[in-house]
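Participant: Just passing along the structure, written as structure tokens.
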Amino acid sequence: MSEAPADPALRAAYRLCRRRTRNEDPAEYALIQLVPAPLRPSLHALWAAANALDDLGDDHTAPAPERAARVEAWITALHRELRTGTSEDPVRHALVDTAARWRLDLSELSEAMTQVRDDTRGRRFTDWDAWRAWGRENLLPWFAQVRTILDRAGVPVALRLDTREAYEEFLDGVRLTDILTDLSADLAQGDLLLPDEALDRHPGAAGDLLDRRWSPAVTALVSDLTALARRWTAQHALTRGMHPGPATVLDTMAALLHAQLDAVDAAGPAVLRTRPRPSLLARARVLAPARARAALAWSLTPLTTPPPRRELPRVPQSAPVRPAAFRRPPPHPSGERPPAIPPGHLPTHVAVIMDGNGRWAGQRGLPRYEGHRAGAGAVREVVHGALDIGLRHLTLYTFSTENWKRDTEEVDAILALLRRELAEDPFRDLDVRLRWHGRADRLPPDLADLLQLRERTTRSRTGLTLTMCIDYGGRDEITRTAAALARRARAGHLDPDLITDEDFARHLPHPDMPDVDLLWRTGNEQRTSNFLPWHASYAELHFTPDLWPETDRRHLWQAVTAYTHRQRRHGSAN
């Protein structure tokens, strides 16, 4: 560290994390050695914490309920210690200090940690999609913490939006390589962490693996999986345009993973009995040039590192791993109460075209961006109103693909406003799950990072799902979905002559988004403006004259009340 902490117990805690990383995962330790020395203790703390939690969940000397209870106790203790700023457990002590010094939001790790507890009951995956969701839920939040530390140090690792899919696929390769490496230990405990979709391609392989029998089916399966992991981790475009320091770490990580996969292939039947490791020579061929490149890259980079803490931290609202109970939204200033609408009469999904910000500003002689600023207050009001009546889905047309044609100053002001709202996180204490719907290649990377952060940290919430359509266009969505279907057909997974609307819906960017029941537009215009054409095919339309900044939750209540009085037929005669 640039300046060692004064607390001897804390110094010892960081040393323990470093020692555990070096002894238990030499490859991870070698990668951490490629970053500047002031950052390493915090990365050791993150790795040691993740590994400590995994060890509790994987300790098969205890029955599953006891392992789950131990993991739960560890998480609960961390939740408490983040508030006090210290811990008697050395690994958590280092993690708590890391979180305070680098202002990490450990609530992002909530689902990853809870997943470790749930994994004690065993896991089975029917297909690759389920397997990917499980792996990404575990890995992405921990990698996000590393990216945050680099960002705080002045080395932003914002991924270009066109590489985000490659980034997640790279992490899939990390997970698959780990599973193949740890195959012997997992099989000894009766665990087979591979999807049925992969196993079914090699009949008999699953049984042979569980019996720890090297058969032709197992040989073919392992060969296929190592080839797949190599392909997933060979994401050469991922580091293009990235700072050379983090780029060197990622490139070296990929090379070490490939060396590990070579060791798996070379092990043959022994992979079912022992953990394969690449030779020292193979590792040296990767690490020697990487150390030289990293040293040069970091020598040209000034870093910003926080000093050791001198007192217990004031823990921010977002720091607890588990949020407190969600609060109710504040009442409307007028005191008006929401209408009592039976849940069965509520629309499931309300979509809103928020029109009139610019005209509102023009009527007052203000720049157009002041209208957008006023409109942000209306968004908060309508979200509060949706929570008041128990609405499940609210989708807002925030920034369209056509909005890029507006004046540059206005576009910049809208994007800056989105950054501010996402940073303030006005719904953090409410049961609101945030989702982003739109293109993935034109937004500034820092804004996209914020959107993805809010998606990750609210993913487990079950109240209102708030979808922000940003850089969204209905025709663009249809075009991208058609392209996805074409790729599936070209790969032989779909017959073009047998494609149904259900097939189309499954390939939409958000296939789980329900159809729109009520489409509401403000601003005295009566058109749908390329908004959710697939989902809103049978939506009831509701147009109101008020400009969006003049709108509050009572207008939402009126729109929903009007919806309850309509008779929906969906093409039937009655």
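Residues in the structure tokens are named by chain (A, B, ... in the order shown) and by number from 1 within that chain; ligands are numbered from 1 in the order shown.
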Write out as a list of chain:residue names which residues come within 12 Å of His507 (chain A) when counting only C-alpha atoms, dropping same-chain ones fewer than 3 positions away.

Facilitator: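 Within the cut-off, the hits are A:Glu477, A:Ile478, A:Thr479, A:Arg480, A:Thr481, A:Ala482, A:Ala483, A:Ala484, A:Leu485, A:Ala486, A:Arg487, A:Arg488, A:Leu494, A:Ile499, A:Thr500, A:Asp501, A:Glu502, A:Asp503, A:Phe504, A:His510, A:Pro511, A:Asp512, A:Met513, A:Trp534.
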
Participant: If you run DSSP on the backbone here, which positions in region 112-346 of chain A get helix (DSSP H, G or I)? Please write them as a compact mmCIF listing (two decimals) with N, CA and C atoms, in the first residue's frame.

Facilitator:
```txt
# COMPACT_ATOMS: atom_id res chain seq x y z
N ALA A 112 -24.70 -12.12 -5.51
CA ALA A 112 -23.61 -13.08 -5.69
C ALA A 112 -23.36 -13.86 -4.40
N MET A 113 -23.41 -13.16 -3.27
CA MET A 113 -23.20 -13.83 -1.99
C MET A 113 -24.37 -14.75 -1.65
N THR A 114 -25.58 -14.29 -1.90
CA THR A 114 -26.75 -15.12 -1.63
C THR A 114 -26.75 -16.36 -2.51
N GLN A 115 -26.22 -16.23 -3.72
CA GLN A 115 -26.14 -17.38 -4.61
C GLN A 115 -25.26 -18.47 -4.01
N VAL A 116 -24.17 -18.10 -3.34
CA VAL A 116 -23.30 -19.09 -2.70
C VAL A 116 -24.09 -19.88 -1.67
N ARG A 117 -24.92 -19.18 -0.89
CA ARG A 117 -25.77 -19.88 0.08
C ARG A 117 -26.74 -20.83 -0.61
N ASP A 118 -27.37 -20.35 -1.68
CA ASP A 118 -28.36 -21.18 -2.38
C ASP A 118 -27.70 -22.37 -3.07
N ASP A 119 -26.44 -22.21 -3.48
CA ASP A 119 -25.74 -23.30 -4.17
C ASP A 119 -25.49 -24.50 -3.25
N TRP A 128 -27.56 -23.92 -21.66
CA TRP A 128 -26.47 -22.95 -21.50
C TRP A 128 -26.97 -21.61 -20.98
N ASP A 129 -28.19 -21.23 -21.36
CA ASP A 129 -28.71 -19.94 -20.90
C ASP A 129 -28.82 -19.91 -19.38
N ALA A 130 -29.34 -20.98 -18.80
CA ALA A 130 -29.45 -21.05 -17.33
C ALA A 130 -28.06 -21.07 -16.70
N TRP A 131 -27.14 -21.78 -17.30
CA TRP A 131 -25.77 -21.86 -16.78
C TRP A 131 -25.11 -20.50 -16.83
N ARG A 132 -25.27 -19.78 -17.96
CA ARG A 132 -24.67 -18.45 -18.08
C ARG A 132 -25.23 -17.49 -17.03
N ALA A 133 -26.56 -17.52 -16.85
CA ALA A 133 -27.17 -16.63 -15.87
C ALA A 133 -26.60 -16.88 -14.49
N TRP A 134 -26.40 -18.13 -14.13
CA TRP A 134 -25.82 -18.47 -12.83
C TRP A 134 -24.38 -17.98 -12.72
N GLY A 135 -23.58 -18.25 -13.74
CA GLY A 135 -22.17 -17.85 -13.68
C GLY A 135 -21.99 -16.34 -13.67
N ARG A 136 -22.77 -15.65 -14.49
CA ARG A 136 -22.62 -14.19 -14.55
C ARG A 136 -23.10 -13.53 -13.27
N GLU A 137 -24.15 -14.07 -12.68
CA GLU A 137 -24.65 -13.50 -11.43
C GLU A 137 -23.59 -13.57 -10.34
N ASN A 138 -22.74 -14.57 -10.42
CA ASN A 138 -21.68 -14.72 -9.42
C ASN A 138 -20.44 -13.89 -9.74
N LEU A 139 -20.01 -13.91 -11.01
CA LEU A 139 -18.73 -13.28 -11.36
C LEU A 139 -18.83 -11.78 -11.62
N LEU A 140 -19.86 -11.35 -12.35
CA LEU A 140 -19.92 -9.94 -12.76
C LEU A 140 -19.82 -8.97 -11.59
N PRO A 141 -20.53 -9.18 -10.47
CA PRO A 141 -20.43 -8.20 -9.38
C PRO A 141 -19.03 -8.08 -8.79
N TRP A 142 -18.30 -9.20 -8.67
CA TRP A 142 -16.95 -9.12 -8.12
C TRP A 142 -16.01 -8.40 -9.08
N PHE A 143 -16.12 -8.69 -10.37
CA PHE A 143 -15.31 -7.99 -11.36
C PHE A 143 -15.65 -6.50 -11.39
N ALA A 144 -16.93 -6.19 -11.15
CA ALA A 144 -17.34 -4.78 -11.13
C ALA A 144 -16.64 -4.03 -9.99
N GLN A 145 -16.41 -4.70 -8.86
CA GLN A 145 -15.70 -4.05 -7.75
C GLN A 145 -14.26 -3.71 -8.15
N VAL A 146 -13.62 -4.63 -8.87
CA VAL A 146 -12.25 -4.37 -9.34
C VAL A 146 -12.24 -3.17 -10.29
N ARG A 147 -13.22 -3.14 -11.19
CA ARG A 147 -13.30 -2.01 -12.11
C ARG A 147 -13.51 -0.70 -11.36
N THR A 148 -14.30 -0.73 -10.29
CA THR A 148 -14.54 0.48 -9.52
C THR A 148 -13.26 0.96 -8.86
N ILE A 149 -12.46 0.06 -8.31
CA ILE A 149 -11.19 0.45 -7.70
C ILE A 149 -10.29 1.12 -8.73
N LEU A 150 -10.21 0.54 -9.92
CA LEU A 150 -9.40 1.15 -10.97
C LEU A 150 -9.95 2.51 -11.36
N ASP A 151 -11.27 2.62 -11.44
CA ASP A 151 -11.89 3.92 -11.75
C ASP A 151 -11.52 4.96 -10.69
N ARG A 152 -11.63 4.57 -9.42
CA ARG A 152 -11.34 5.51 -8.32
C ARG A 152 -9.86 5.91 -8.33
N LEU A 161 -19.56 -0.12 -25.51
CA LEU A 161 -20.82 -0.85 -25.46
C LEU A 161 -20.85 -2.02 -26.44
N ASP A 162 -20.13 -1.89 -27.56
CA ASP A 162 -20.15 -2.99 -28.52
C ASP A 162 -19.30 -4.16 -28.04
N THR A 163 -18.60 -4.03 -26.91
CA THR A 163 -17.81 -5.14 -26.38
C THR A 163 -18.42 -5.73 -25.11
N ARG A 164 -19.56 -5.25 -24.69
CA ARG A 164 -20.14 -5.75 -23.43
C ARG A 164 -20.51 -7.22 -23.53
N GLU A 165 -21.07 -7.61 -24.67
CA GLU A 165 -21.39 -9.02 -24.84
C GLU A 165 -20.11 -9.86 -24.83
N ALA A 166 -19.05 -9.34 -25.45
CA ALA A 166 -17.77 -10.05 -25.44
C ALA A 166 -17.23 -10.16 -24.02
N TYR A 167 -17.40 -9.11 -23.22
CA TYR A 167 -16.93 -9.11 -21.83
C TYR A 167 -17.65 -10.21 -21.04
N GLU A 168 -18.98 -10.29 -21.19
CA GLU A 168 -19.73 -11.29 -20.44
C GLU A 168 -19.39 -12.69 -20.94
N GLU A 169 -19.16 -12.83 -22.24
CA GLU A 169 -18.76 -14.14 -22.78
C GLU A 169 -17.36 -14.51 -22.28
N PHE A 170 -16.49 -13.52 -22.13
CA PHE A 170 -15.17 -13.77 -21.57
C PHE A 170 -15.30 -14.35 -20.15
N LEU A 171 -16.20 -13.77 -19.37
CA LEU A 171 -16.41 -14.27 -18.00
C LEU A 171 -17.04 -15.66 -18.02
N ASP A 172 -17.86 -15.95 -19.03
CA ASP A 172 -18.36 -17.32 -19.18
C ASP A 172 -17.18 -18.28 -19.37
N GLY A 173 -16.19 -17.85 -20.16
CA GLY A 173 -15.01 -18.68 -20.37
C GLY A 173 -14.20 -18.87 -19.09
N VAL A 174 -14.13 -17.80 -18.28
CA VAL A 174 -13.46 -17.92 -16.98
C VAL A 174 -14.14 -18.98 -16.13
N ARG A 175 -15.47 -18.89 -16.07
CA ARG A 175 -16.24 -19.85 -15.26
C ARG A 175 -16.07 -21.27 -15.78
N LEU A 176 -16.16 -21.46 -17.08
CA LEU A 176 -16.05 -22.81 -17.64
C LEU A 176 -14.65 -23.38 -17.40
N THR A 177 -13.62 -22.54 -17.54
CA THR A 177 -12.25 -23.01 -17.27
C THR A 177 -12.11 -23.43 -15.81
N ASP A 178 -12.68 -22.65 -14.89
CA ASP A 178 -12.63 -23.02 -13.47
C ASP A 178 -13.31 -24.36 -13.21
N ILE A 179 -14.46 -24.58 -13.85
CA ILE A 179 -15.20 -25.83 -13.64
C ILE A 179 -14.40 -27.02 -14.17
N LEU A 180 -13.79 -26.87 -15.35
CA LEU A 180 -12.98 -27.96 -15.89
C LEU A 180 -11.75 -28.21 -15.02
N THR A 181 -11.17 -27.14 -14.50
CA THR A 181 -9.99 -27.29 -13.64
C THR A 181 -10.34 -27.99 -12.34
N LEU A 183 -12.78 -30.07 -11.78
CA LEU A 183 -13.67 -31.19 -12.03
C LEU A 183 -13.47 -32.31 -11.00
N SER A 184 -12.24 -32.61 -10.67
CA SER A 184 -11.98 -33.72 -9.74
C SER A 184 -12.56 -33.43 -8.37
N ALA A 185 -12.38 -32.20 -7.87
CA ALA A 185 -12.91 -31.86 -6.55
C ALA A 185 -14.43 -31.84 -6.55
N ASP A 186 -15.02 -31.31 -7.61
CA ASP A 186 -16.49 -31.26 -7.68
C ASP A 186 -17.08 -32.66 -7.77
N LEU A 187 -16.48 -33.52 -8.59
CA LEU A 187 -17.01 -34.88 -8.75
C LEU A 187 -16.88 -35.66 -7.45
N ALA A 188 -15.82 -35.41 -6.70
CA ALA A 188 -15.65 -36.10 -5.42
C ALA A 188 -16.78 -35.77 -4.46
N ASP A 196 -27.28 -29.61 -18.90
CA ASP A 196 -27.75 -30.81 -19.58
C ASP A 196 -27.58 -30.69 -21.09
N GLU A 197 -27.73 -29.46 -21.61
CA GLU A 197 -27.60 -29.24 -23.04
C GLU A 197 -26.23 -29.70 -23.55
N ALA A 198 -25.17 -29.48 -22.77
CA ALA A 198 -23.83 -29.92 -23.16
C ALA A 198 -23.67 -31.42 -22.94
N LEU A 199 -24.17 -31.91 -21.83
CA LEU A 199 -24.01 -33.33 -21.50
C LEU A 199 -24.79 -34.22 -22.45
N ALA A 205 -22.08 -39.50 -20.92
CA ALA A 205 -20.98 -38.75 -20.31
C ALA A 205 -21.29 -38.35 -18.88
N ALA A 206 -22.54 -37.96 -18.60
CA ALA A 206 -22.88 -37.52 -17.24
C ALA A 206 -22.66 -38.64 -16.24
N GLY A 207 -23.18 -39.83 -16.56
CA GLY A 207 -23.00 -40.95 -15.64
C GLY A 207 -21.55 -41.34 -15.48
N ASP A 208 -20.82 -41.34 -16.60
CA ASP A 208 -19.40 -41.68 -16.52
C ASP A 208 -18.64 -40.68 -15.65
N LEU A 209 -18.95 -39.41 -15.78
CA LEU A 209 -18.27 -38.41 -14.98
C LEU A 209 -18.55 -38.62 -13.49
N LEU A 210 -19.82 -38.82 -13.15
CA LEU A 210 -20.16 -39.00 -11.74
C LEU A 210 -19.53 -40.27 -11.18
N PRO A 216 -14.98 -42.75 -23.89
CA PRO A 216 -14.98 -41.95 -25.13
C PRO A 216 -15.94 -40.77 -25.07
N ALA A 217 -17.09 -40.96 -24.41
CA ALA A 217 -18.05 -39.85 -24.29
C ALA A 217 -17.47 -38.71 -23.46
N VAL A 218 -16.80 -39.04 -22.36
CA VAL A 218 -16.18 -38.02 -21.51
C VAL A 218 -15.03 -37.35 -22.26
N THR A 219 -14.25 -38.12 -22.98
CA THR A 219 -13.14 -37.55 -23.77
C THR A 219 -13.65 -36.50 -24.74
N ALA A 220 -14.73 -36.85 -25.47
CA ALA A 220 -15.28 -35.92 -26.45
C ALA A 220 -15.88 -34.70 -25.77
N LEU A 221 -16.55 -34.92 -24.64
CA LEU A 221 -17.16 -33.80 -23.91
C LEU A 221 -16.10 -32.81 -23.44
N VAL A 222 -15.04 -33.32 -22.80
CA VAL A 222 -14.00 -32.44 -22.29
C VAL A 222 -13.32 -31.69 -23.43
N SER A 223 -13.09 -32.40 -24.53
CA SER A 223 -12.47 -31.74 -25.68
C SER A 223 -13.36 -30.62 -26.21
N ASP A 224 -14.66 -30.87 -26.31
CA ASP A 224 -15.59 -29.83 -26.78
C ASP A 224 -15.60 -28.64 -25.83
N LEU A 225 -15.59 -28.91 -24.54
CA LEU A 225 -15.71 -27.83 -23.56
C LEU A 225 -14.44 -27.00 -23.48
N THR A 226 -13.28 -27.63 -23.59
CA THR A 226 -12.05 -26.83 -23.59
C THR A 226 -11.98 -25.95 -24.83
N ALA A 227 -12.44 -26.47 -25.97
CA ALA A 227 -12.47 -25.66 -27.19
C ALA A 227 -13.43 -24.49 -27.04
N LEU A 228 -14.58 -24.74 -26.41
CA LEU A 228 -15.56 -23.67 -26.19
C LEU A 228 -14.99 -22.61 -25.26
N ALA A 229 -14.34 -23.03 -24.18
CA ALA A 229 -13.75 -22.07 -23.24
C ALA A 229 -12.66 -21.25 -23.90
N ARG A 230 -11.88 -21.87 -24.79
CA ARG A 230 -10.86 -21.11 -25.52
C ARG A 230 -11.51 -20.03 -26.39
N ARG A 231 -12.59 -20.42 -27.06
CA ARG A 231 -13.25 -19.45 -27.93
C ARG A 231 -13.84 -18.29 -27.12
N TRP A 232 -14.44 -18.61 -26.00
CA TRP A 232 -15.04 -17.56 -25.17
C TRP A 232 -14.00 -16.61 -24.59
N THR A 233 -12.82 -17.12 -24.28
CA THR A 233 -11.81 -16.27 -23.65
C THR A 233 -10.90 -15.58 -24.68
N HIS A 236 -10.44 -10.74 -28.56
CA HIS A 236 -9.36 -9.81 -28.87
C HIS A 236 -9.84 -8.36 -28.94
N ALA A 237 -11.11 -8.17 -29.29
CA ALA A 237 -11.62 -6.80 -29.40
C ALA A 237 -11.90 -6.17 -28.04
N LEU A 238 -11.88 -6.98 -27.00
CA LEU A 238 -12.29 -6.50 -25.68
C LEU A 238 -11.40 -5.38 -25.17
N THR A 239 -10.12 -5.47 -25.42
CA THR A 239 -9.18 -4.50 -24.86
C THR A 239 -8.82 -3.38 -25.83
N PRO A 244 -3.61 0.79 -21.41
CA PRO A 244 -2.72 -0.37 -21.58
C PRO A 244 -2.48 -1.16 -20.30
N GLY A 245 -2.66 -0.54 -19.12
CA GLY A 245 -2.47 -1.29 -17.87
C GLY A 245 -3.52 -2.37 -17.70
N PRO A 246 -4.82 -2.00 -17.60
CA PRO A 246 -5.86 -3.03 -17.51
C PRO A 246 -5.89 -3.95 -18.73
N ALA A 247 -5.56 -3.40 -19.92
CA ALA A 247 -5.56 -4.24 -21.12
C ALA A 247 -4.52 -5.36 -20.99
N THR A 248 -3.36 -5.03 -20.43
CA THR A 248 -2.33 -6.05 -20.22
C THR A 248 -2.81 -7.12 -19.25
N VAL A 249 -3.52 -6.70 -18.19
CA VAL A 249 -4.03 -7.67 -17.22
C VAL A 249 -5.03 -8.61 -17.88
N LEU A 250 -5.95 -8.06 -18.66
CA LEU A 250 -6.95 -8.91 -19.32
C LEU A 250 -6.33 -9.84 -20.35
N ASP A 251 -5.40 -9.31 -21.15
CA ASP A 251 -4.73 -10.15 -22.14
C ASP A 251 -3.95 -11.28 -21.46
N THR A 252 -3.29 -10.94 -20.36
CA THR A 252 -2.53 -11.96 -19.63
C THR A 252 -3.45 -12.98 -19.00
N MET A 253 -4.58 -12.52 -18.51
CA MET A 253 -5.57 -13.44 -17.94
C MET A 253 -6.03 -14.44 -19.00
N ALA A 254 -6.31 -13.95 -20.20
CA ALA A 254 -6.72 -14.85 -21.28
C ALA A 254 -5.62 -15.86 -21.60
N ALA A 255 -4.37 -15.40 -21.65
CA ALA A 255 -3.26 -16.30 -21.96
C ALA A 255 -3.09 -17.36 -20.87
N LEU A 256 -3.24 -16.97 -19.60
CA LEU A 256 -3.13 -17.94 -18.50
C LEU A 256 -4.28 -18.94 -18.54
N LEU A 257 -5.48 -18.46 -18.90
CA LEU A 257 -6.61 -19.37 -19.03
C LEU A 257 -6.37 -20.39 -20.13
N HIS A 258 -5.78 -19.95 -21.25
CA HIS A 258 -5.49 -20.88 -22.33
C HIS A 258 -4.42 -21.89 -21.89
N ALA A 259 -3.45 -21.43 -21.13
CA ALA A 259 -2.44 -22.36 -20.61
C ALA A 259 -3.10 -23.39 -19.67
N GLN A 260 -4.06 -22.93 -18.88
CA GLN A 260 -4.77 -23.83 -17.98
C GLN A 260 -5.59 -24.85 -18.78
N LEU A 261 -6.22 -24.40 -19.86
CA LEU A 261 -7.00 -25.32 -20.70
C LEU A 261 -6.08 -26.33 -21.40
N ASP A 262 -4.89 -25.90 -21.78
CA ASP A 262 -3.91 -26.85 -22.33
C ASP A 262 -3.58 -27.93 -21.29
N ALA A 263 -3.46 -27.51 -20.04
CA ALA A 263 -3.16 -28.47 -18.97
C ALA A 263 -4.32 -29.45 -18.78
N VAL A 264 -5.56 -28.95 -18.90
CA VAL A 264 -6.72 -29.84 -18.79
C VAL A 264 -6.69 -30.87 -19.92
N ASP A 265 -6.44 -30.42 -21.14
CA ASP A 265 -6.38 -31.35 -22.27
C ASP A 265 -5.26 -32.37 -22.09
N ALA A 266 -4.11 -31.90 -21.62
CA ALA A 266 -2.96 -32.79 -21.48
C ALA A 266 -3.16 -33.81 -20.35
N ALA A 267 -3.99 -33.47 -19.38
CA ALA A 267 -4.16 -34.36 -18.22
C ALA A 267 -4.88 -35.64 -18.59
N GLY A 268 -5.78 -35.59 -19.57
CA GLY A 268 -6.52 -36.80 -19.95
C GLY A 268 -7.30 -37.35 -18.77
N PRO A 269 -7.25 -38.67 -18.54
CA PRO A 269 -8.02 -39.28 -17.44
C PRO A 269 -7.69 -38.69 -16.06
N ALA A 270 -6.47 -38.17 -15.90
CA ALA A 270 -6.08 -37.65 -14.59
C ALA A 270 -6.91 -36.46 -14.16
N VAL A 271 -7.59 -35.79 -15.12
CA VAL A 271 -8.40 -34.62 -14.77
C VAL A 271 -9.55 -35.00 -13.84
N LEU A 272 -9.91 -36.30 -13.83
CA LEU A 272 -10.98 -36.76 -12.94
C LEU A 272 -10.47 -37.05 -11.54
N LEU A 280 5.50 -24.61 -14.97
CA LEU A 280 6.13 -23.34 -14.62
C LEU A 280 6.65 -22.64 -15.87
N LEU A 281 7.13 -23.43 -16.84
CA LEU A 281 7.65 -22.83 -18.07
C LEU A 281 6.52 -22.17 -18.86
N ALA A 282 5.36 -22.83 -18.91
CA ALA A 282 4.23 -22.26 -19.65
C ALA A 282 3.79 -20.95 -19.01
N ARG A 283 3.76 -20.92 -17.68
CA ARG A 283 3.36 -19.69 -16.99
C ARG A 283 4.40 -18.59 -17.19
N ALA A 284 5.66 -18.97 -17.15
CA ALA A 284 6.72 -17.97 -17.31
C ALA A 284 6.68 -17.33 -18.69
N ARG A 285 6.37 -18.13 -19.71
CA ARG A 285 6.29 -17.59 -21.07
C ARG A 285 5.19 -16.53 -21.19
N VAL A 286 4.17 -16.66 -20.37
CA VAL A 286 3.09 -15.67 -20.38
C VAL A 286 3.43 -14.47 -19.51
N LEU A 287 3.95 -14.75 -18.31
CA LEU A 287 4.09 -13.69 -17.32
C LEU A 287 5.31 -12.79 -17.53
N ALA A 288 6.39 -13.34 -18.04
CA ALA A 288 7.60 -12.52 -18.17
C ALA A 288 7.37 -11.30 -19.08
N PRO A 289 6.86 -11.48 -20.30
CA PRO A 289 6.61 -10.29 -21.13
C PRO A 289 5.47 -9.42 -20.57
N ALA A 290 4.50 -10.05 -19.90
CA ALA A 290 3.39 -9.28 -19.33
C ALA A 290 3.89 -8.32 -18.26
N ARG A 291 4.82 -8.77 -17.43
CA ARG A 291 5.36 -7.90 -16.37
C ARG A 291 6.05 -6.69 -16.98
N ALA A 292 6.78 -6.90 -18.06
CA ALA A 292 7.48 -5.77 -18.70
C ALA A 292 6.47 -4.78 -19.29
N ARG A 293 5.44 -5.30 -19.96
CA ARG A 293 4.43 -4.41 -20.55
C ARG A 293 3.67 -3.65 -19.47
N ALA A 294 3.33 -4.35 -18.39
CA ALA A 294 2.57 -3.70 -17.32
C ALA A 294 3.40 -2.62 -16.64
N ALA A 295 4.67 -2.91 -16.40
CA ALA A 295 5.53 -1.91 -15.75
C ALA A 295 5.62 -0.65 -16.57
N LEU A 296 5.75 -0.79 -17.89
CA LEU A 296 5.82 0.38 -18.75
C LEU A 296 4.50 1.14 -18.75
N ALA A 297 3.40 0.41 -18.85
CA ALA A 297 2.08 1.06 -18.91
C ALA A 297 1.81 1.86 -17.65
N TRP A 298 2.08 1.27 -16.50
CA TRP A 298 1.75 1.96 -15.24
C TRP A 298 2.74 3.07 -14.93
N SER A 299 3.96 2.97 -15.46
CA SER A 299 4.94 4.02 -15.18
C SER A 299 4.52 5.36 -15.77
N PRO A 343 -56.56 -5.15 -7.39
CA PRO A 343 -55.40 -5.61 -8.17
C PRO A 343 -55.79 -6.27 -9.49
N GLY A 344 -56.88 -6.99 -9.53
CA GLY A 344 -57.29 -7.66 -10.75
C GLY A 344 -57.73 -6.72 -11.85
N HIS A 345 -58.01 -5.46 -11.51
CA HIS A 345 -58.44 -4.48 -12.50
C HIS A 345 -57.29 -3.58 -12.96
```

Participant: Near Leu10 (chain A), within 9 Å and counting only C-alpha atoms, which residues show up once chain neighbours fewer than 2 positions away are dropped, as a list of chain:residue names?

Facilitator: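 Neighbouring residues, sequence-local ones excluded: A:Pro5, A:Ala6, A:Asp7, A:Pro8, A:Ala12, A:Ala13, A:Tyr14, A:Arg15, A:Thr86, A:Pro90, A:His93, A:Ala94, A:Asp97.
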
Participant: Got a sec to tell me which of region 387-420 of chain A DSSP assigns to strand (DSSP E or B), as number ranges by chain?

Facilitator: A: 393-400

Participant: Write the residues you've just listed into a file as a CSV table (one decimal), in the first residue's frame, and include N, CA and C atoms for each of them.

Facilitator:
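result_0.csv was written with the following content:
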```
chain,number,residue,atom,x,y,z
A,393,HIS,N,-45.4,-2.9,-13.7
A,393,HIS,CA,-44.4,-2.5,-14.8
A,393,HIS,C,-44.8,-1.1,-15.3
A,394,LEU,N,-43.7,-0.3,-15.3
A,394,LEU,CA,-43.8,1.1,-15.8
A,394,LEU,C,-42.7,1.3,-16.8
A,395,THR,N,-42.9,1.7,-18.0
A,395,THR,CA,-41.9,1.9,-19.0
A,395,THR,C,-42.0,3.3,-19.5
A,396,LEU,N,-40.8,4.0,-19.5
A,396,LEU,CA,-40.8,5.4,-19.9
A,396,LEU,C,-39.9,5.6,-21.1
A,397,TYR,N,-40.5,6.3,-22.1
A,397,TYR,CA,-39.7,6.6,-23.3
A,397,TYR,C,-38.8,7.8,-23.0
A,398,THR,N,-37.6,7.5,-22.6
A,398,THR,CA,-36.7,8.6,-22.1
A,398,THR,C,-35.9,9.3,-23.1
A,399,PHE,N,-35.3,8.5,-24.1
A,399,PHE,CA,-34.5,9.1,-25.1
A,399,PHE,C,-34.5,8.2,-26.3
A,400,SER,N,-35.0,8.7,-27.4
A,400,SER,CA,-35.3,7.8,-28.6
A,400,SER,C,-34.0,7.8,-29.5
```

Participant: Compare A:His332, A:Arg359, A:Lys405, A:Arg327 by their minimum atom-to-atom distance to Asp431 (chain A), counting only C-alpha atoms, and give me the closest one.

Facilitator: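 Using only C-alpha atoms, Asp431 (chain A) sits closest to A:Arg327.
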
Participant: How many Å separate CA of Asp471 (chain A) from CA of Val516 (chain A)?

Facilitator: 19.3 Å

Participant: Need the shell around Trp360 (chain A): protein/DNA/RNA residues with any atom at most 10 Å away, counting only C-alpha atoms. Skip same-chain ones fewer than 3 positions apart. Format as a list in words?

Facilitator: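 Residues meeting the cut-off are Asp355, Gly356, Asn357, Gln363, Arg364, Gly365, Leu366, Pro367, Arg368, Glu370, Gly371, His372, Ala374, Gly375, Gly523, Asp546, Leu547, Trp548, Pro549 and Glu550 of chain A.
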
Participant: Check the smallest atom-to-atom distance from each of A:Trp74, A:Ala489, A:Ala30, A:Thr21 to Ala48 (chain A) using only C-alpha atoms, then report the winner.

Facilitator: A:Thr21

Participant: Rank nothing, just name the residue among A:Asp515, A:His79, A:Asp552, A:Pro347 nearest to Ile389 (chain A), using only C-alpha atoms.

Facilitator: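 Result for the nearest residue to Ile389 (chain A): A:Pro347.
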
Participant: Kindly indicate which residue among A:Ser42, A:Thr457, A:Glu540, A:Trp436 lies nearest to Ser110 (chain A), using only C-alpha atoms for the distances.

Facilitator: A:Thr457

Participant: What's the separation between CA of Pro306 (chain A) and CA of Glu108 (chain A), in Å to one decimal place?

Facilitator: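 Result for CA of Pro306 (chain A) versus CA of Glu108 (chain A): 21.2 Å, one decimal.
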